Amino acid sequence: MIERPSIILFITDQQQAGMLGCAGDPLVRTPNIDQIARQGIRFDNFHVAMPSCMPNRASIMTGRYPSVNGVRFNGIPLPQGSVTFPELFRQRGYRTALMGKGHLQPILDPYNEHGKCEERWWRSELTDRGAELSPPYYGYDEVSIVTGHGDHCGGHYEKWLEKQLPGFRQYLGVENQLPHNYSCPQAVRTRLPEELYSTSYIADRAIDFLERHSASANNEPFLLVVSFPDPHHPFNPPGRYWDMYNPDDVMLPKNFDAPDDDVPHLAAARRARRAHRDNREGYGAVALDEREAREAIALTYGMITMIDDAIGQVRTRLSELGYEDRAIQIFTSDHGDLLGDHGLMLKGPLHYGSLVRVPFILSDPARSDHGTLNDALFSSLDIGTSLLSRVGFADLPGSQGISIFDVLDNRRKRRENLVIEDEYQSPVLEFDTPPVVRTLRTQKWRMTLFDSCDWGELYDLERDPHECRNLWDDPAIVATKVRLLAELSRSMMQSVDRKLPPVSLA
């Protein structure tokens, strides 16, 4: 076994677990990611800590739930003093780098001139605003940050783009897009060429890091995070990726027309659509018609295939430089997207599998279980803990994750359940107050509670894998509901912060 392997972690932003060729999707082409799966293990029950960008990325970095690490929803920065898994690798001799999306600090203007963040450094990820980063940045020795989404991306990428294409802003956005006949919300046919799109930039920066590292005099291992802001709305894959997939070929999810009579917030989203009062240019869940859903999925496939091509370029260079047999490779995503699930798209307090379950593929050249599928319950919380344990380093302080390797090698039992958190800053989908949500996920059940409601969700995933029948009020399973409520209560108590022990009896 390689004692100190290098590590490369590929992360996409908003991708369903099933949207890969190796996961059974009959249309999307992902040969390079599929190759990682053939050389490793694909995990079919990998879930987020929270289905929202900043909270889940903070959980990946710290191994701690959003309610514990403090990043409870988007717009709250992860304190720079937080202990992260890249920092622990850096302290032990690894060269650490982030190429692409970090999103550990806000990327939009604060709510007022002082901001709602107490930290004065909230702008430090916004290199397009004039600030520069002082490494180590959350444990990374070097970073090339990409902020934003679609063709409106900032950070180091924007500075690079300005040099490559003076006057580049005339190529960006709805007002400058190429003609098209798509009707789905936020479909934008960008004029930006493929080679100047953020996905290409991130691949180029990753390859540049590998080449510089290979040419350096030392033989230190590296931790390289390659993080793409796609797939994500706006739906604007550039160049040939725009019409690579025909919407007419797209299969709608089997639960596209699922009933909503026992799911109030799903019914609310559909009522908003019928009344034309939904925000179809925002981030929250909105209802779609069939054509809109097919188009959104087809454009998402285009973004995914572009990322797969970029990953292929990075992996080819990795192999040419002699790292393939000395590097652990991982592919995952920050969170999912409803994308037609129950006739919705984007995200919200609806913890359907399309939103909370993400792809996770692990290829370790020291292992022999290549091309296998694992259905154990794992979480974003587990990524840092697993990598640290693999190389024999001490775990993150206060980590709430478990080691994937310990489960694979029978050094610990599988999880019986996991918790998914969610919090909102404002009322959505006809909730009276900003919803606080907690979900318990077991192999068989998904139960979701809302803080201000006397109803919840309960699905038997073995009999109802598409979550079409809410059993919350079913008298036949009252005993099961009580047991799951107790499990959720215990799991929430076990997830409290125990990082700092007392220094005295009183």
# chains A, B, ... in the order shown; residues from 1 in each chain; ligands from 1
>>> residues_around(residues="Pro397 (chain A)", least_positions_apart="2", cutoff="7 Å", atoms="only C-alpha atoms", output="mmCIF file with C-alpha atoms, in the first residue's frame")
data_model
loop_
_atom_site.group_PDB
_atom_site.id
_atom_site.type_symbol
_atom_site.label_atom_id
_atom_site.label_comp_id
_atom_site.auth_asym_id
_atom_site.auth_seq_id
_atom_site.Cartn_x
_atom_site.Cartn_y
_atom_site.Cartn_z
ATOM 1 C CA ASP A 395 -8.918 12.982 12.433
ATOM 2 C CA SER A 399 -15.430 15.444 13.309
ATOM 3 C CA LYS A 499 -15.149 19.610 20.219
#
>>> residues_around(residues="Gly302 (chain A)", least_positions_apart="6", cutoff="7 Å", atoms="only C-alpha atoms", output="VMD selection string")
chain A and resid 237 241 to 242 244 to 245
>>> write_last_selection(atoms="C-alpha atoms", output="mmCIF file, in the first residue's frame")
data_model
loop_
_atom_site.group_PDB
_atom_site.id
_atom_site.type_symbol
_atom_site.label_atom_id
_atom_site.label_comp_id
_atom_site.auth_asym_id
_atom_site.auth_seq_id
_atom_site.Cartn_x
_atom_site.Cartn_y
_atom_site.Cartn_z
ATOM 1 C CA PRO A 237 -23.337 24.891 -21.738
ATOM 2 C CA TYR A 241 -22.336 21.184 -25.595
ATOM 3 C CA TRP A 242 -25.465 23.336 -25.966
ATOM 4 C CA MET A 244 -25.244 17.868 -27.759
ATOM 5 C CA TYR A 245 -28.421 16.329 -26.301
#
>>> select_by_dssp(residues="region 332-385 of chain A", states="helix (DSSP H, G or I)", output="PyMOL selection string")
chain A and resi 341-343+353-356+382-385
>>> residues_around(residues="Arg483 (chain A)", least_positions_apart="5", cutoff="12 Å", atoms="only C-alpha atoms", output="list in words")
Leu440, Thr442, Trp445, Met447, Ile477, Val478, Leu488, Ser489 and Arg490 of chain A
>>> write_last_selection(atoms="N, CA and C atoms", output="CSV table (one decimal), in the first residue's frame")
chain,number,residue,atom,x,y,z
A,440,LEU,N,-34.2,12.1,8.5
A,440,LEU,CA,-33.6,10.9,8.9
A,440,LEU,C,-33.6,10.0,7.7
A,442,THR,N,-32.6,6.1,6.5
A,442,THR,CA,-32.1,4.7,6.8
A,442,THR,C,-32.1,4.0,5.4
A,445,TRP,N,-36.1,3.8,5.0
A,445,TRP,CA,-37.0,4.9,5.3
A,445,TRP,C,-36.4,6.2,5.0
A,447,MET,N,-37.6,10.0,6.5
A,447,MET,CA,-38.5,10.7,7.3
A,447,MET,C,-38.0,12.2,7.4
A,477,ILE,N,-48.6,2.3,10.2
A,477,ILE,CA,-47.2,2.4,10.5
A,477,ILE,C,-46.9,3.3,11.6
A,478,VAL,N,-47.8,3.5,12.5
A,478,VAL,CA,-47.6,4.5,13.6
A,478,VAL,C,-46.4,4.0,14.4
A,488,LEU,N,-34.3,9.7,15.1
A,488,LEU,CA,-33.9,11.1,14.7
A,488,LEU,C,-33.5,11.9,16.0
A,489,SER,N,-34.3,11.8,17.0
A,489,SER,CA,-33.9,12.5,18.3
A,489,SER,C,-32.6,12.1,18.8
A,490,ARG,N,-32.3,10.8,18.8
A,490,ARG,CA,-31.0,10.4,19.3
A,490,ARG,C,-29.9,10.9,18.4
>>> closest_atom_pairs(of="region 362-446 of chain A", to="region 55-67 of chain A", cutoff="12 Å", atoms="only C-alpha atoms", output="JSON lines")
{"residue": "A:Ser379", "atom": "CA", "partner": "A:Ile60", "partner_atom": "CA", "distance": 9.0}
{"residue": "A:Ser380", "atom": "CA", "partner": "A:Ile60", "partner_atom": "CA", "distance": 5.4}
{"residue": "A:Leu381", "atom": "CA", "partner": "A:Gly63", "partner_atom": "CA", "distance": 4.3}
{"residue": "A:Asp382", "atom": "CA", "partner": "A:Gly63", "partner_atom": "CA", "distance": 6.4}
{"residue": "A:Ile383", "atom": "CA", "partner": "A:Ile60", "partner_atom": "CA", "distance": 6.3}
{"residue": "A:Gly384", "atom": "CA", "partner": "A:Gly63", "partner_atom": "CA", "distance": 6.2}
{"residue": "A:Thr385", "atom": "CA", "partner": "A:Gly63", "partner_atom": "CA", "distance": 6.8}
{"residue": "A:Ser386", "atom": "CA", "partner": "A:Gly63", "partner_atom": "CA", "distance": 9.9}
{"residue": "A:Leu387", "atom": "CA", "partner": "A:Gly63", "partner_atom": "CA", "distance": 11.3}
{"residue": "A:Leu388", "atom": "CA", "partner": "A:Gly63", "partner_atom": "CA", "distance": 11.1}
{"residue": "A:Asp395", "atom": "CA", "partner": "A:Gly63", "partner_atom": "CA", "distance": 9.3}
{"residue": "A:Leu396", "atom": "CA", "partner": "A:Thr62", "partner_atom": "CA", "distance": 6.9}
{"residue": "A:Pro397", "atom": "CA", "partner": "A:Thr62", "partner_atom": "CA", "distance": 8.4}
{"residue": "A:Gly398", "atom": "CA", "partner": "A:Arg64", "partner_atom": "CA", "distance": 7.2}
{"residue": "A:Ser399", "atom": "CA", "partner": "A:Gly63", "partner_atom": "CA", "distance": 4.8}
{"residue": "A:Gln400", "atom": "CA", "partner": "A:Arg64", "partner_atom": "CA", "distance": 5.3}
{"residue": "A:Gly401", "atom": "CA", "partner": "A:Gly63", "partner_atom": "CA", "distance": 5.6}
{"residue": "A:Ile402", "atom": "CA", "partner": "A:Gly63", "partner_atom": "CA", "distance": 8.9}
{"residue": "A:Ser403", "atom": "CA", "partner": "A:Gly63", "partner_atom": "CA", "distance": 10.8}
{"residue": "A:Leu418", "atom": "CA", "partner": "A:Tyr65", "partner_atom": "CA", "distance": 11.3}
{"residue": "A:Val419", "atom": "CA", "partner": "A:Tyr65", "partner_atom": "CA", "distance": 9.2}
{"residue": "A:Ile420", "atom": "CA", "partner": "A:Tyr65", "partner_atom": "CA", "distance": 8.7}
{"residue": "A:Glu421", "atom": "CA", "partner": "A:Pro66", "partner_atom": "CA", "distance": 7.4}
{"residue": "A:Asp422", "atom": "CA", "partner": "A:Pro66", "partner_atom": "CA", "distance": 8.5}
{"residue": "A:Glu423", "atom": "CA", "partner": "A:Ser67", "partner_atom": "CA", "distance": 9.2}
{"residue": "A:Tyr424", "atom": "CA", "partner": "A:Pro55", "partner_atom": "CA", "distance": 11.4}
{"residue": "A:Val436", "atom": "CA", "partner": "A:Ser67", "partner_atom": "CA", "distance": 10.9}
{"residue": "A:Val437", "atom": "CA", "partner": "A:Ser67", "partner_atom": "CA", "distance": 11.4}
{"residue": "A:Arg438", "atom": "CA", "partner": "A:Ser67", "partner_atom": "CA", "distance": 11.0}
>>> residues_around(residues="Asp204 (chain A)", least_positions_apart="2", cutoff="10 Å", atoms="only C-alpha atoms", output="MDAnalysis selection string")
chainID A and resid 99 195 198:202 206:210 310 313:314
>>> closest_residue(among="A:Ile145, A:Ala258, A:Met345, A:Leu461", to="Pro229 (chain A)", atoms="only C-alpha atoms")
A:Ile145
>>> select_by_dssp(residues="region 173-315 of chain A", states="strand (DSSP E or B)", output="VMD selection string")
chain A and resid 187 222 to 227 235 284 286 to 287
>>> write_last_selection(atoms="C-alpha atoms", output="compact mmCIF listing (two decimals), in the first residue's frame")
# COMPACT_ATOMS: atom_id res chain seq x y z
CA ALA A 187 -31.77 28.65 -20.45
CA PHE A 222 -0.28 16.61 -3.14
CA LEU A 223 -3.96 17.17 -2.36
CA LEU A 224 -5.61 18.77 -5.39
CA VAL A 225 -9.30 19.77 -5.33
CA VAL A 226 -10.75 20.41 -8.80
CA SER A 227 -14.13 22.06 -8.25
CA PHE A 235 -28.39 26.34 -18.08
CA GLY A 284 -35.69 28.06 -5.18
CA VAL A 286 -40.26 25.87 -9.15
CA ALA A 287 -42.67 23.66 -11.06
